[in-house]
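For reference, query.cif (mmCIF, C-alpha atoms):
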```
data_run
#
loop_
_atom_site.label_atom_id
_atom_site.label_comp_id
_atom_site.auth_asym_id
_atom_site.auth_seq_id
_atom_site.Cartn_x
_atom_site.Cartn_y
_atom_site.Cartn_z
CA MET A 1 9.73 0.27 -26.18
CA ALA A 2 6.60 0.09 -28.31
CA THR A 3 4.73 3.34 -28.22
CA MET A 4 1.02 3.53 -28.83
CA VAL A 5 -0.48 6.69 -30.12
CA LEU A 6 -4.05 6.85 -28.94
CA THR A 7 -6.59 9.00 -30.69
CA LEU A 8 -9.30 10.82 -28.74
CA ASP A 9 -11.71 8.04 -29.72
CA ASP A 10 -9.27 5.36 -28.53
CA LYS A 11 -8.91 7.14 -25.20
CA ALA A 12 -12.68 7.55 -24.77
CA ALA A 13 -13.17 3.86 -25.61
CA ALA A 14 -10.47 2.86 -23.09
CA LEU A 15 -12.13 5.02 -20.41
CA GLY A 16 -15.52 3.49 -21.23
CA ARG A 17 -14.14 0.06 -20.26
CA VAL A 18 -13.11 1.23 -16.78
CA ALA A 19 -15.44 0.29 -13.89
CA LEU A 20 -14.89 3.73 -12.37
CA PHE A 21 -16.61 5.32 -15.38
CA ASP A 22 -19.28 2.67 -15.77
CA GLY A 23 -22.56 4.00 -17.10
CA LEU A 24 -21.14 7.31 -18.28
CA GLU A 25 -22.29 8.66 -21.63
CA ARG A 26 -19.81 9.46 -24.36
CA ALA A 27 -20.50 13.16 -23.75
CA SER A 28 -19.10 12.75 -20.21
CA LEU A 29 -16.18 10.60 -21.35
CA LEU A 30 -14.88 12.77 -24.19
CA PRO A 31 -13.71 15.72 -22.07
CA ILE A 32 -11.88 13.31 -19.74
CA ALA A 33 -10.34 11.58 -22.75
CA ASP A 34 -9.22 14.96 -24.00
CA ALA A 35 -7.53 15.76 -20.68
CA ALA A 36 -5.91 12.31 -20.39
CA THR A 37 -2.29 11.88 -21.43
CA GLU A 38 -0.88 8.66 -22.77
CA VAL A 39 2.15 7.55 -20.75
CA ALA A 40 4.43 4.63 -21.63
CA PHE A 41 6.33 2.74 -18.91
CA GLY A 42 9.09 0.17 -19.29
CA ASP A 43 9.35 -2.98 -17.20
CA GLY A 44 9.94 -2.07 -13.54
CA ASP A 45 9.27 1.65 -13.96
CA ALA A 46 7.42 3.22 -11.03
CA LEU A 47 4.04 4.79 -11.72
CA VAL A 48 3.66 5.97 -8.13
CA ILE A 49 5.69 5.59 -4.95
CA GLN A 50 4.10 4.83 -1.57
CA GLY A 51 4.23 7.89 0.69
CA GLN A 52 4.64 10.43 -2.10
CA VAL A 53 1.91 12.93 -2.73
CA GLY A 54 0.12 11.94 -5.88
CA THR A 55 -1.19 14.25 -8.50
CA GLY A 56 -3.04 11.94 -10.75
CA LEU A 57 -5.14 8.96 -11.67
CA PHE A 58 -3.74 6.18 -13.89
CA ILE A 59 -5.78 3.90 -16.10
CA VAL A 60 -4.03 0.84 -17.50
CA VAL A 61 -4.56 0.57 -21.26
CA SER A 62 -2.13 -2.25 -22.04
CA GLY A 63 0.45 -4.24 -20.11
CA ALA A 64 0.27 -4.82 -16.35
CA VAL A 65 1.01 -3.07 -13.08
CA ARG A 66 1.99 -4.59 -9.78
CA ILE A 67 0.86 -2.91 -6.54
CA VAL A 68 3.35 -3.05 -3.71
CA LEU A 69 2.33 -2.19 -0.17
CA SER A 70 5.22 -1.85 2.30
CA GLY A 71 7.42 -4.14 0.20
CA GLU A 72 4.78 -6.79 -0.37
CA ASP A 73 3.01 -7.50 -3.68
CA VAL A 74 -0.69 -7.13 -2.98
CA ALA A 75 -2.33 -6.90 -6.38
CA ARG A 76 -1.76 -6.99 -10.10
CA LEU A 77 -3.68 -4.71 -12.40
CA GLY A 78 -4.35 -5.17 -16.11
CA PRO A 79 -6.07 -3.27 -18.91
CA GLY A 80 -9.19 -1.44 -17.68
CA ASP A 81 -7.94 -1.27 -14.08
CA TYR A 82 -7.07 2.05 -12.45
CA LEU A 83 -5.14 3.42 -9.51
CA GLY A 84 -4.68 6.71 -7.75
CA GLU A 85 -8.33 7.63 -7.37
CA LEU A 86 -7.98 8.25 -3.62
CA ALA A 87 -5.01 10.57 -4.03
CA VAL A 88 -6.96 12.50 -6.65
CA ILE A 89 -9.73 13.19 -4.15
CA ASP A 90 -7.82 13.86 -0.93
CA ARG A 91 -4.29 14.72 -2.24
CA GLN A 92 -2.84 12.60 0.53
CA PRO A 93 0.34 10.55 0.03
CA ARG A 94 0.04 7.40 -2.08
CA SER A 95 -1.12 4.41 -0.06
CA ALA A 96 0.96 1.95 -2.13
CA SER A 97 3.60 1.86 -4.85
CA ALA A 98 2.91 0.72 -8.39
CA PHE A 99 5.39 -0.66 -10.95
CA ALA A 100 4.97 -1.55 -14.61
CA VAL A 101 5.31 -5.24 -15.51
CA GLY A 102 6.65 -5.34 -19.07
CA ASP A 103 5.89 -2.53 -21.49
CA THR A 104 2.82 -0.81 -20.15
CA THR A 105 0.71 2.03 -21.48
CA CYS A 106 -1.50 4.08 -19.20
CA LEU A 107 -3.76 7.07 -19.46
CA ALA A 108 -2.80 9.64 -16.85
CA LEU A 109 -5.23 12.25 -15.58
CA ALA A 110 -3.93 15.11 -13.49
CA SER A 111 -5.96 15.78 -10.33
CA TRP A 112 -6.75 19.34 -11.35
CA ASP A 113 -7.93 18.35 -14.84
CA PHE A 114 -9.99 15.54 -13.43
CA PHE A 115 -11.57 17.71 -10.78
CA ARG A 116 -12.38 20.44 -13.21
CA ARG A 117 -14.42 17.80 -15.04
CA VAL A 118 -16.02 16.45 -11.84
CA ASP A 119 -17.08 19.99 -10.94
CA ALA A 120 -18.60 20.53 -14.35
CA ASP A 121 -20.34 17.18 -14.63
CA PRO A 122 -22.33 15.70 -11.71
CA ALA A 123 -22.68 12.43 -13.67
CA LEU A 124 -18.92 11.98 -13.38
CA ALA A 125 -18.97 12.64 -9.63
CA HIS A 126 -21.79 10.12 -9.33
CA ALA A 127 -19.80 7.51 -11.28
CA LEU A 128 -16.83 8.12 -9.01
CA LEU A 129 -19.02 7.74 -5.92
CA ARG A 130 -20.23 4.41 -7.29
CA GLY A 131 -16.67 3.28 -8.08
CA LEU A 132 -15.57 3.98 -4.51
CA ALA A 133 -18.69 2.28 -3.09
CA LEU A 134 -17.70 -0.80 -5.07
CA ARG A 135 -14.24 -0.77 -3.49
CA ILE A 136 -15.63 -0.21 0.01
CA ARG A 137 -17.94 -3.16 -0.46
CA SER A 138 -15.22 -5.43 -1.84
CA LEU A 139 -13.07 -4.52 1.18
CA SER A 140 -15.73 -5.53 3.68
CA GLU A 141 -16.39 -8.74 1.76
CA HIS A 142 -12.68 -9.67 1.55
CA HIS A 143 -12.44 -8.92 5.22
CA HIS A 144 -15.06 -11.44 5.85
CA HIS A 145 -13.80 -14.38 3.73
CA MET B 146 -43.72 17.74 13.45
CA ALA B 147 -40.30 19.16 14.11
CA ASP B 148 -39.83 22.79 13.20
CA THR B 149 -38.46 22.97 9.64
CA GLU B 150 -36.26 25.98 10.43
CA ALA B 151 -34.69 24.05 13.30
CA LEU B 152 -34.08 21.07 11.03
CA ILE B 153 -32.45 23.33 8.43
CA ASP B 154 -30.11 24.69 11.13
CA GLU B 155 -29.37 21.19 12.30
CA LEU B 156 -28.57 19.89 8.81
CA GLY B 157 -26.33 22.90 8.16
CA GLY B 158 -24.25 21.88 11.17
CA LEU B 159 -23.39 18.49 9.69
CA ALA B 160 -20.20 18.03 7.67
CA LEU B 161 -22.12 16.45 4.79
CA PHE B 162 -24.19 19.58 4.26
CA ALA B 163 -21.73 22.22 5.48
CA ASP B 164 -21.32 25.25 3.23
CA LEU B 165 -24.64 24.68 1.49
CA PRO B 166 -26.54 27.92 1.00
CA ARG B 167 -29.69 28.14 3.10
CA PRO B 168 -32.16 27.69 0.20
CA GLU B 169 -30.35 24.47 -0.71
CA LEU B 170 -30.45 23.32 2.93
CA ALA B 171 -34.18 24.04 2.94
CA ALA B 172 -34.52 21.85 -0.17
CA VAL B 173 -32.62 19.08 1.63
CA ALA B 174 -34.86 19.44 4.70
CA HIS B 175 -37.93 19.12 2.52
CA THR B 176 -36.62 16.15 0.51
CA PHE B 177 -35.55 14.01 3.46
CA GLU B 178 -37.91 12.28 5.89
CA GLU B 179 -37.21 12.43 9.59
CA GLU B 180 -37.41 9.06 11.42
CA TRP B 181 -36.91 7.75 14.94
CA TYR B 182 -35.70 4.30 15.94
CA ALA B 183 -35.74 2.58 19.32
CA ASP B 184 -32.73 0.81 20.83
CA GLY B 185 -32.02 -2.44 18.95
CA GLN B 186 -34.27 -1.64 16.00
CA ARG B 187 -32.84 -2.45 12.58
CA ILE B 188 -32.68 0.48 10.17
CA LEU B 189 -31.12 -1.49 7.28
CA ARG B 190 -31.06 -5.25 6.88
CA GLU B 191 -28.08 -7.07 5.42
CA GLY B 192 -28.97 -8.87 2.20
CA LEU B 193 -32.54 -7.67 2.12
CA SER B 194 -33.86 -5.46 -0.63
CA GLY B 195 -35.40 -2.12 0.20
CA THR B 196 -32.83 0.59 0.52
CA GLY B 197 -32.50 4.13 1.66
CA PHE B 198 -29.87 6.73 2.34
CA TYR B 199 -29.64 7.80 5.99
CA VAL B 200 -27.91 10.55 7.91
CA VAL B 201 -27.64 10.27 11.70
CA LEU B 202 -28.95 13.32 13.57
CA GLU B 203 -29.04 11.98 17.13
CA GLY B 204 -27.77 8.83 18.81
CA ASP B 205 -25.46 6.06 17.61
CA VAL B 206 -25.94 3.20 15.17
CA ALA B 207 -24.02 -0.08 15.00
CA VAL B 208 -22.94 -1.53 11.64
CA ARG B 209 -22.99 -5.33 11.77
CA ILE B 210 -21.96 -7.83 9.14
CA THR B 211 -23.24 -11.35 9.80
CA GLY B 212 -23.88 -10.37 13.39
CA GLU B 213 -20.41 -8.99 14.09
CA GLU B 214 -20.13 -5.29 14.88
CA ARG B 215 -17.76 -3.56 12.45
CA ALA B 216 -18.32 0.09 13.16
CA ARG B 217 -20.30 2.54 15.21
CA LEU B 218 -21.59 5.68 13.55
CA HIS B 219 -22.46 8.91 15.29
CA ARG B 220 -24.17 12.22 14.58
CA GLY B 221 -23.41 13.44 11.06
CA ALA B 222 -22.45 10.01 9.70
CA PHE B 223 -24.31 8.61 6.71
CA PHE B 224 -25.03 5.09 5.51
CA GLY B 225 -27.01 3.13 2.95
CA GLU B 226 -25.49 4.88 -0.07
CA GLY B 227 -23.45 1.83 -1.13
CA ALA B 228 -26.47 -0.40 -1.71
CA ILE B 229 -28.24 2.31 -3.71
CA LEU B 230 -25.21 3.21 -5.81
CA LEU B 231 -24.45 -0.44 -6.56
CA GLY B 232 -28.07 -1.53 -6.96
CA GLU B 233 -27.49 -4.33 -4.45
CA PRO B 234 -29.04 -5.23 -1.09
CA PRO B 235 -27.36 -3.63 1.95
CA GLY B 236 -24.01 -5.24 2.81
CA ALA B 237 -24.59 -4.84 6.54
CA ASP B 238 -27.22 -4.57 9.23
CA VAL B 239 -27.47 -1.10 10.66
CA VAL B 240 -29.00 -1.19 14.14
CA ALA B 241 -29.97 1.62 16.50
CA ALA B 242 -27.76 1.65 19.63
CA GLY B 243 -30.07 3.54 21.94
CA ARG B 244 -32.68 5.95 20.66
CA VAL B 245 -31.76 7.27 17.22
CA ARG B 246 -33.04 10.05 15.03
CA VAL B 247 -32.13 10.07 11.33
CA VAL B 248 -33.14 11.74 8.11
CA ASN B 249 -33.79 9.38 5.26
CA LEU B 250 -34.09 9.53 1.50
CA ALA B 251 -35.63 6.65 -0.49
CA GLY B 252 -33.31 4.86 -2.93
CA PRO B 253 -35.06 5.86 -6.16
CA VAL B 254 -34.76 9.62 -5.49
CA PHE B 255 -31.20 9.46 -4.17
CA ARG B 256 -29.47 9.76 -7.56
CA GLU B 257 -31.65 12.70 -8.57
CA PHE B 258 -30.91 14.36 -5.24
CA LEU B 259 -27.16 13.95 -5.74
CA MET B 260 -27.25 15.26 -9.29
CA ARG B 261 -28.96 18.39 -8.00
CA HIS B 262 -26.50 18.81 -5.12
CA PRO B 263 -22.95 18.17 -6.43
CA ASP B 264 -21.44 19.70 -3.27
CA VAL B 265 -23.03 16.95 -1.18
CA MET B 266 -21.65 14.39 -3.62
CA TYR B 267 -18.20 15.86 -3.23
CA ARG B 268 -18.45 15.59 0.56
CA MET B 269 -19.51 11.97 0.19
CA LEU B 270 -16.54 11.29 -2.07
CA GLN B 271 -14.21 12.70 0.57
CA GLU B 272 -15.78 10.53 3.24
CA GLN B 273 -15.58 7.39 1.08
CA THR B 274 -11.93 8.17 0.43
CA ARG B 275 -11.34 8.52 4.15
CA ARG B 276 -13.00 5.15 4.77
CA LEU B 277 -10.88 3.45 2.12
CA ARG B 278 -7.71 5.03 3.47
CA SER B 279 -8.48 4.03 7.04
CA ALA B 280 -8.99 0.45 5.87
CA ASN B 281 -5.30 0.75 4.94
CA ARG B 282 -5.45 -2.15 2.51
CA TRP B 283 -5.33 -2.58 -1.18
CA SER B 284 -8.19 -4.54 -2.53
CA ARG B 285 -9.77 -4.94 -5.92
#
```

Rewritten as structure tokens:
Amino acid sequence: MATMVLTLDDKAAALGRVALFDGLERASLLPIADAATEVAFGDGDALVIQGQVGTGLFIVVSGAVRIVLSGEDVARLGPGDYLGELAVIDRQPRSASAFAVGDTTCLALASWDFFRRVDADPALAHALLRGLALRIRSLSEHHHH
Amino acid sequence: MADTEALIDELGGLALFADLPRPELAAVAHTFEEEWYADGQRILREGLSGTGFYVVLEGDVAVRITGEERARLHRGAFFGEGAILLGEPPGADVVAAGRVRVVNLAGPVFREFLMRHPDVMYRMLQEQTRRLRSANRWSR
């Protein structure tokens, strides 16, 4: 499996492309980049399993991830997409499973590292609030169409 | 004019502002405007610009998307934050169901308010998470 080795700058740049962190300054991104761990998955590897308690947020850097809800494929994520943001906030079980499609590299952020940053940086909490608002809105729109 | 001390007590009893120290609650009470709406009056209009962040103090409000009721919000619930955060017009009509009392913050000062009160932001994050979970869908 090809392994990427991301520098701090690479990680910060990857985070800067994620909608969840849209509008954040480099000064807010660097500490998150520093706390983020690069994780490589092979084809079919599980990132998270529905029903298990999650401890982190994943950001797809390369490759793809399929989201499976009760046995049914419901979404496919690519570079710049993320998952696990709800579990990070409420520490409830994962609402869906996620599996790598082909060789996939992600940045993983542990809940506690992420929340230490959110506590220290209101701009990050604000970005997160916006990211969730975007998802709430897309839900009500999908509902409608 | 409602007694400010009473409003501070009232705000402190809402989940959104729970655990805030009294001086911070006083700041919230001074920043927000109190408003009353009559039954059937629209507080937010779907698709129309002009936004605000609202917290329900008394009464119920109905959330309607293209005329269809999607949710009913009660005391302590908040709405209007999505449009401000996303810089878009409101995604729903919010209509008073009976007489309603709210506190309201204008869109432009909302971000500044949140940045000064991270605890409130954290409460909002928890509530958003709850809403997304209860939708029980995956959508992107």

Worksheet item: Which value, in Å to one decimal, gives the distance between atom CA of A:Cys106 and atom CA of A:Leu47?
Response: 9.3 Å

Shell around B:Gly197 at 6 Å using all atoms listed in the file, local window under 6 positions removed, as a compact mmCIF listing (two decimals) with C-alpha atoms, in the coordinates of the input:
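File produced: part_31.txt:
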```txt
# COMPACT_ATOMS: atom_id res chain seq x y z
CA GLY B 225 -27.01 3.13 2.95
CA LEU B 250 -34.09 9.53 1.50
CA ALA B 251 -35.63 6.65 -0.49
CA GLY B 252 -33.31 4.86 -2.93
```

Discussion item. Evaluate the PyMOL selection byres ((chain B) within 12 of (chain A)) against this structure - the residues, as a PyMOL selection string, please.
Written reply: chain B and resi 208-213+215-216+224-237+255-285

Worksheet item: Applied to the shown file, which residues does the PyMOL selection byres ((chain B and resi 169-173) around 12) return, written as a VMD selection string?
Response: chain B and resid 148 to 159 161 to 168 174 to 179 200 248 to 250 255 258 to 259 261 to 265

Discussion item. Which residues are close to stretch 23-30 of chain A, i.e. within 7 Å by only C-alpha atoms, leaving aside same-chain residues fewer than 3 positions away? Reply as a ChimeraX atom specification.
Written reply: /A:12,15,33-34,124

Discussion item. I'd like the residues picked by the PyMOL selection byres ((chain B and resi 218) around 12) written out as a list in words, using the chain letters and numbers from the file.
Written reply: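 Evaluating the PyMOL selection byres ((chain B and resi 218) around 12) on this file yields Tyr199, Val200, Val201, Leu202, Glu203, Gly204, Asp205, Val206, Ala207, Val208, Arg209, Glu214, Arg215, Ala216, Arg217, His219, Arg220, Gly221, Ala222, Phe223, Phe224, Val239, Val240, Ala241, Ala242, Val245 and Val247 of chain B.
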
Worksheet item: Do you have the atom CA of A:Glu38-atom CA of A:Ser70 distance handy?
Response: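 One can read the atom CA of A:Glu38 to atom CA of A:Ser70 distance as 27.9 Å.
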
Practice prompt. Within 10 Å of (2.3, 9.5, -2.9) (coordinates as in the file), grab all the protein and nucleic acid residues, counting all atoms listed in the file, and write them out as an NGL selection string.
Written response: :A and (48-56 or 84 or 87 or 91-97)

Worksheet item: What is the distance between atom CA of A:Val65 and atom CA of A:Asp45, in Å to one decimal?
Response: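 Atom CA of A:Asp45 lies at a distance of 9.6 Å from atom CA of A:Val65.
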
Discussion item. Can you pull out the residues contacting A:Ile32? Cut-off 8 Å, using all atoms listed in the file, and skip same-chain residues under 5 positions away; I want them as a ChimeraX atom specification.
Written reply: /A:12,109,114,117

Kindly export the residues of the current selection with C-alpha atoms, as a PDB file, in the coordinates of the input.
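Dumped everything to again-v7.pdb:
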```pdb
ATOM      1  CA  ALA A  12     -12.680   7.550 -24.770  1.00  0.00           C
ATOM      2  CA  LEU A 109      -5.230  12.250 -15.580  1.00  0.00           C
ATOM      3  CA  PHE A 114      -9.990  15.540 -13.430  1.00  0.00           C
ATOM      4  CA  ARG A 117     -14.420  17.800 -15.040  1.00  0.00           C
TER       5      ARG A 117
END
```
